[in-house]
Amino acid sequence: MNGRLTSTHLKGRTNRSVVRIRCDMVIALASTFFVGLSAVTNNAVFCYIAMLFLPFGLIYPTSLIPVLMVTSLSSNFFAAAEGIGAARLFAIAIVLGVTISMIRNRRKINLFWLRFLILIMIATLLTTAINGAVNMQALSTIGLNLLIAFAFSNIKIDSKEFERILFCVFAAFSIITILIFINLSFSGLQTLFQGRISIDSDVNTNRQAMMCAQLGAFMFGYAVYSPKTKYKVFCIILGLINFFVCLISGSRTGCLAVILGVMVSVIVFNRINKKSLKGIATVASITVIGFLIFQLVVGKNAILAERYSLQGILKNGGTYRWERIICEVKYIIPEHLLFGIGPSSIYETLALRPYLAKPGSSHNIIFSMLTQIGILGSAAYVAVVSSAIRRIIAALRRFPAALIPLSMILTGLFNGIGEVMYCERLFWMVLSFSILCINSRPFEADSADRSEKSASEHRRYLCQRYR
């Protein structure tokens with residue numbers, strides 16, 4: 001009887017899930033398409049159409065996760081209005097939706113992740129108060145990052161629902177990759193041999209590299225994860241497109257981050273699951289084709305050839321970053337050891353002015369973090385990131401889909417070699433997505449199967465014992 005009731009319950013839930021899957025896919029495809037179309041055409045009308053999906057976030061917060069992950073890549077490229085990124089609006093809708101759901105269902109707050117977020121908030125406020133460094137744009141960005149992480153840590157889903165969200169994100173990232181490449185084909189490829197190329201006048205080349213590094217990491221990770229050959233091939237093609245766009249931006253760390261992030265993720269995945277060959281063929285093919293693309297582009301573009309050469313890196317010290325790092329280690333960090341100088345690259349530039357002819361951010365996740373928020377703030381950020389990485393690696397054993405957020409978060413960290421990633425919206429979006437993956441519980445059908453199997457084995461044991 002219990003088995004029949006369980007079967008009926010699962011069948012009813014399956015029917016509801018099918019409806020939700022279709023609705024979420026429509027929302028993901030439509031909202032991403034209009035946001036992407038707005039970005040590549042610079043027509044705000046399309047973005048306003050995408051905003052019509054905001055109310056869905058209040059009822060089904062997970063339905064807006066794909067478009068939020070897309071718009072979090074760049075607030076300038078995906079802008080709702082002058083000075084307002086579309087990601088901010090989608091994020092607020094999701095935060096409100098999760099909060100409403102928690103109040104309605106009387107769910108408890110996830111205290112494990114909340115303590116890390118409170119530590120970061122306290123460290124940020126202390127740094128701001130002690131230095132009088134009130135930068136509202138930086139503070140609002142950090143505040144919204146923390147709210148997104150809080151919301152994602154309190155979304156209750158199972159592993160199957162996460163895989164559904166993951167597929168919707170895959171669809172959204174595919175759309176945006178194709179739109180970017182089409183736009184680039186019409187506007188930018190004619191200047192392929194004339195220097196660094198940007199996909200849009202509002203997007204600098206470093207931001208472009210950070211965007212495409214995350215898109216590429218997702219696609220390559222999905223190619224390894226997916227058991228279907230057609231998805232593998234499609235993901236490899238889109239991943240290589242993103243690698244190409246990252247390459248022509250002239251960002252050395254962006255290209256390196258994709259390679260290292262995916263390779264390390266696959267190695268960790270194989271080690272955890274004791275599989276020596278899974279994903280190796282995919283990574284090998286990606287590496288070979290990526291190298292050929294690199295040789296083609298660098299061989300035709302003298303400016304990029306110099307940027308990617310060791311001689312070019314040593315010539316300008318990584319675009320003056322090395323001399324800034326030395327100066328920060330010698331003067332700035334020791335003087336502001338505990339609390340830093342303020343959570344913004346602006347304060348980093350101002351602090352270096354007395355020492356350098358060309359001051360600016362060191363563009364390094366470690367030294368910029370120590371300079372801006374000191375040891376205490378850095379410790380808070382390291383604590384939440386390291387905890388997320390440890391748990392996402394542990395999740396690989398039961399949940400292969402965790403490979404994708406792992407590859408993205410590692411790509412973000414490797415990108416931090418040349419960028420200030422610790423407070424970037426796109427990095428925190430990946431971190432929040434990783435937390436969502438970590439918190440997803442086993443699928444109920446699996447639990448029911450295990451329960452029925454255990455009961456059957458127990459009955460068999462009793463029959464044998466009392467026969």
# chains A, B, ... in the order shown; residues from 1 in each chain; ligands from 1
call {"tool": "residues_around", "arguments": {"residues": "segment 193-203 of chain A", "least_positions_apart": "2", "cutoff": "10 Å", "atoms": "only C-alpha atoms", "output": "tab-separated table (two decimals) with N, CA and C atoms, in the first residue's frame"}}
result
chain	number	residue	atom	x	y	z
A	39	ALA	N	21.33	44.27	-25.30
A	39	ALA	CA	22.76	44.55	-25.14
A	39	ALA	C	23.46	44.73	-26.49
A	40	VAL	N	23.19	43.85	-27.43
A	40	VAL	CA	23.92	43.91	-28.70
A	40	VAL	C	23.39	44.97	-29.64
A	41	THR	N	22.11	45.41	-29.45
A	41	THR	CA	21.54	46.44	-30.31
A	41	THR	C	21.51	47.81	-29.66
A	42	ASN	N	21.83	47.86	-28.35
A	42	ASN	CA	21.75	49.11	-27.56
A	42	ASN	C	20.35	49.73	-27.61
A	74	SER	N	27.99	41.54	-16.61
A	74	SER	CA	28.40	42.93	-16.81
A	74	SER	C	27.20	43.85	-16.64
A	75	SER	N	27.32	44.81	-15.72
A	75	SER	CA	26.22	45.76	-15.51
A	75	SER	C	26.16	46.81	-16.61
A	76	ASN	N	27.30	47.05	-17.28
A	76	ASN	CA	27.31	48.03	-18.38
A	76	ASN	C	26.75	47.44	-19.66
A	77	PHE	N	27.09	46.20	-19.94
A	77	PHE	CA	26.62	45.55	-21.16
A	77	PHE	C	25.13	45.23	-21.07
A	78	PHE	N	24.72	44.71	-19.89
A	78	PHE	CA	23.31	44.38	-19.67
A	78	PHE	C	22.71	45.43	-18.73
A	180	ILE	N	26.40	37.27	-28.81
A	180	ILE	CA	27.67	38.01	-28.75
A	180	ILE	C	28.50	37.73	-30.00
A	181	PHE	N	28.55	36.47	-30.40
A	181	PHE	CA	29.37	36.11	-31.56
A	181	PHE	C	28.79	36.69	-32.85
A	183	ASN	N	26.96	39.43	-33.09
A	183	ASN	CA	27.22	40.86	-33.04
A	183	ASN	C	28.68	41.16	-33.36
A	184	LEU	N	29.59	40.34	-32.83
A	184	LEU	CA	31.02	40.53	-33.08
A	184	LEU	C	31.35	40.29	-34.55
A	185	SER	N	30.69	39.32	-35.15
A	185	SER	CA	30.94	39.01	-36.56
A	185	SER	C	30.60	40.18	-37.48
A	187	SER	N	30.39	43.45	-36.41
A	187	SER	CA	30.96	44.75	-36.03
A	187	SER	C	32.45	44.74	-35.72
A	188	GLY	N	32.98	43.61	-35.26
A	188	GLY	CA	34.34	43.66	-34.74
A	188	GLY	C	35.38	42.83	-35.46
A	189	LEU	N	34.97	41.78	-36.17
A	189	LEU	CA	35.96	40.88	-36.75
A	189	LEU	C	36.75	41.50	-37.90
A	190	GLN	N	36.22	42.59	-38.49
A	190	GLN	CA	36.98	43.24	-39.55
A	190	GLN	C	38.24	43.93	-39.01
A	191	THR	N	38.27	44.14	-37.68
A	191	THR	CA	39.46	44.75	-37.05
A	191	THR	C	40.27	43.70	-36.29
A	205	THR	N	37.94	45.70	-22.40
A	205	THR	CA	38.43	44.38	-22.82
A	205	THR	C	38.65	43.44	-21.62
A	206	ASN	N	39.03	43.99	-20.48
A	206	ASN	CA	39.23	43.13	-19.30
A	206	ASN	C	37.90	42.56	-18.82
A	207	ARG	N	36.86	43.39	-18.81
A	207	ARG	CA	35.53	42.91	-18.43
A	207	ARG	C	35.04	41.86	-19.42
A	208	GLN	N	35.29	42.10	-20.69
A	208	GLN	CA	34.91	41.13	-21.72
A	208	GLN	C	35.55	39.77	-21.46
A	209	ALA	N	36.84	39.79	-21.09
A	209	ALA	CA	37.54	38.55	-20.80
A	209	ALA	C	36.96	37.84	-19.59
A	245	VAL	N	36.70	34.84	-28.06
A	245	VAL	CA	36.35	36.22	-27.70
A	245	VAL	C	37.21	36.71	-26.54
A	246	CYS	N	37.52	35.81	-25.62
A	246	CYS	CA	38.42	36.15	-24.52
A	246	CYS	C	39.83	36.42	-25.05
A	247	LEU	N	40.25	35.62	-26.02
A	247	LEU	CA	41.59	35.74	-26.59
A	247	LEU	C	41.79	37.07	-27.30
A	248	ILE	N	40.81	37.48	-28.12
A	248	ILE	CA	40.96	38.72	-28.89
A	248	ILE	C	40.81	39.96	-28.01
A	249	SER	N	40.34	39.77	-26.76
A	249	SER	CA	40.30	40.90	-25.83
A	249	SER	C	41.70	41.28	-25.37
A	250	GLY	N	42.65	40.36	-25.52
A	250	GLY	CA	44.03	40.62	-25.10
A	250	GLY	C	44.28	40.35	-23.64
A	251	SER	N	43.33	39.70	-22.96
A	251	SER	CA	43.50	39.41	-21.53
A	251	SER	C	44.25	38.10	-21.35
A	297	VAL	N	45.21	33.43	-34.20
A	297	VAL	CA	44.96	34.83	-33.85
A	297	VAL	C	46.26	35.57	-33.60
A	298	VAL	N	47.13	34.98	-32.81
A	298	VAL	CA	48.39	35.64	-32.46
A	298	VAL	C	49.28	35.79	-33.68
A	299	GLY	N	49.22	34.81	-34.59
A	299	GLY	CA	50.05	34.88	-35.79
A	299	GLY	C	49.63	36.00	-36.73
A	300	LYS	N	48.37	36.46	-36.64
A	300	LYS	CA	47.86	37.49	-37.54
A	300	LYS	C	47.78	38.88	-36.89
A	301	ASN	N	47.90	38.94	-35.57
A	301	ASN	CA	47.73	40.21	-34.85
A	301	ASN	C	49.00	40.51	-34.06
A	302	ALA	N	49.78	41.48	-34.54
A	302	ALA	CA	51.07	41.78	-33.94
A	302	ALA	C	50.94	42.32	-32.52
A	303	ILE	N	49.88	43.11	-32.27
A	303	ILE	CA	49.68	43.69	-30.93
A	303	ILE	C	49.37	42.59	-29.92
A	304	LEU	N	48.49	41.66	-30.29
A	304	LEU	CA	48.18	40.56	-29.40
A	304	LEU	C	49.37	39.62	-29.23
A	305	ALA	N	50.14	39.45	-30.30
A	305	ALA	CA	51.33	38.60	-30.21
A	305	ALA	C	52.29	39.14	-29.16
A	307	ARG	N	51.45	41.12	-26.58
A	307	ARG	CA	50.84	41.02	-25.27
A	307	ARG	C	50.97	39.62	-24.68
call {"tool": "select_by_dssp", "arguments": {"residues": "segment 199-426 of chain A", "states": "alpha helix (DSSP H)", "output": "PyMOL selection string"}}
result
chain A and resi 205-225+229-248+252-273+280-300+302-308+310-327+333-335+345-352+365-395+403-415+425-426
call {"tool": "atom_distance", "arguments": {"atom1": "atom CA of Ser31 of chain A", "atom2": "atom CA of Ala223 of chain A"}}
result
24.2 Å
call {"tool": "atom_distance", "arguments": {"atom1": "atom CA of Glu328 of chain A", "atom2": "atom CA of Ser344 of chain A"}}
result
14.6 Å
call {"tool": "closest_atom_pairs", "arguments": {"of": "segment 377-398 of chain A", "to": "segment 406-414 of chain A", "cutoff": "8 Å", "atoms": "only C-alpha atoms", "output": "Markdown table"}}
result
| residue | atom | partner | partner_atom | distance |
| --- | --- | --- | --- | --- |
| A:Ile389 | CA | A:Leu406 | CA | 7.1 |
| A:Ile392 | CA | A:Leu406 | CA | 6.6 |
| A:Ile393 | CA | A:Leu406 | CA | 7.4 |
call {"tool": "write_last_selection", "arguments": {"atoms": "C-alpha atoms", "output": "PDB file, in the first residue's frame"}}
result
ATOM      1  CA  ILE A 389      35.065  25.029  -2.485  1.00  0.00           C
ATOM      2  CA  ILE A 392      31.400  21.623  -3.632  1.00  0.00           C
ATOM      3  CA  ILE A 393      34.290  19.157  -3.955  1.00  0.00           C
TER       4      ILE A 393
END
call {"tool": "residues_around", "arguments": {"residues": "Val169 of chain A", "least_positions_apart": "2", "cutoff": "8 Å", "atoms": "only C-alpha atoms", "output": "ChimeraX atom specification"}}
result
/A:28,65-67,69,165-167,171-173
call {"tool": "closest_residue", "arguments": {"among": "A:Ile157, A:Ala281, A:Met136, A:Leu179", "to": "Asn439 of chain A", "atoms": "only C-alpha atoms"}}
result
A:Ile157
call {"tool": "residues_around", "arguments": {"residues": "Phe291 of chain A", "least_positions_apart": "5", "cutoff": "12 Å", "atoms": "only C-alpha atoms", "output": "PyMOL selection string"}}
result
chain A and resi 240+243-244+247+255-256+259+284-286+296-299
call {"tool": "write_last_selection", "arguments": {"atoms": "C-alpha atoms", "output": "short mmCIF file (atom, residue, chain, number, x, y, z; two decimals), in the first residue's frame"}}
result
data_model
loop_
_atom_site.label_atom_id
_atom_site.label_comp_id
_atom_site.auth_asym_id
_atom_site.auth_seq_id
_atom_site.Cartn_x
_atom_site.Cartn_y
_atom_site.Cartn_z
CA LEU A 240 35.72 27.66 -27.92
CA PHE A 243 37.72 31.34 -25.53
CA PHE A 244 38.19 33.08 -28.89
CA LEU A 247 41.59 35.74 -26.59
CA CYS A 255 42.58 32.89 -21.18
CA LEU A 256 44.79 31.26 -18.56
CA ILE A 259 42.35 26.59 -19.09
CA ALA A 284 42.41 17.14 -24.60
CA SER A 285 40.32 18.04 -27.66
CA ILE A 286 39.53 21.46 -26.17
CA LEU A 296 45.93 31.62 -35.68
CA VAL A 297 44.96 34.83 -33.85
CA VAL A 298 48.39 35.64 -32.46
CA GLY A 299 50.05 34.88 -35.79
#
call {"tool": "closest_residue", "arguments": {"among": "A:Ser265, A:Thr253, A:Gln295, A:Val258", "to": "Asn364 of chain A", "atoms": "only C-alpha atoms"}}
result
A:Thr253
call {"tool": "atom_distance", "arguments": {"atom1": "atom CA of Trp322 of chain A", "atom2": "atom CA of Glu306 of chain A"}}
result
17.8 Å
call {"tool": "residues_around", "arguments": {"residues": "segment 330-332 of chain A", "least_positions_apart": "3", "cutoff": "8 Å", "atoms": "only C-alpha atoms", "output": "JSON, numbers by chain"}}
result
{"A": [326, 327, 335, 336, 351, 352, 371]}
call {"tool": "residues_around", "arguments": {"residues": "Gly132 of chain A", "least_positions_apart": "4", "cutoff": "12 Å", "atoms": "only C-alpha atoms", "output": "list of chain:residue names"}}
result
A:Thr124, A:Leu125, A:Leu126, A:Thr127, A:Thr128, A:Met136, A:Phe339, A:Gly340, A:Ile341, A:Gly342, A:Pro343, A:Tyr347
call {"tool": "write_last_selection", "arguments": {"atoms": "C-alpha atoms", "output": "compact mmCIF listing (two decimals), in the first residue's frame"}}
result
# COMPACT_ATOMS: atom_id res chain seq x y z
CA THR A 124 33.22 46.10 5.25
CA LEU A 125 31.46 48.53 7.59
CA LEU A 126 34.50 48.71 9.91
CA THR A 127 36.82 49.41 6.98
CA THR A 128 34.47 52.12 5.71
CA MET A 136 28.05 54.18 -2.12
CA PHE A 339 41.27 47.19 8.06
CA GLY A 340 42.77 48.30 4.74
CA ILE A 341 42.12 51.63 3.03
CA GLY A 342 38.53 51.14 1.79
CA PRO A 343 36.57 48.64 -0.33
CA TYR A 347 41.09 54.17 -2.85
call {"tool": "residues_around", "arguments": {"residues": "Met51 of chain A", "least_positions_apart": "3", "cutoff": "9 Å", "atoms": "only C-alpha atoms", "output": "list in words"}}
result
Ser31, Val35, Phe46, Cys47, Tyr48, Leu54, Pro55, Ala80, Ala86, Leu89 and Phe90 of chain A
call {"tool": "closest_residue", "arguments": {"among": "A:Met210, A:Glu424, A:Ala257, A:Arg252", "to": "Leu310 of chain A", "atoms": "only C-alpha atoms"}}
result
A:Arg252
call {"tool": "closest_residue", "arguments": {"among": "A:Lys358, A:Arg425, A:Phe367, A:Asn270", "to": "Leu396 of chain A", "atoms": "only C-alpha atoms"}}
result
A:Asn270
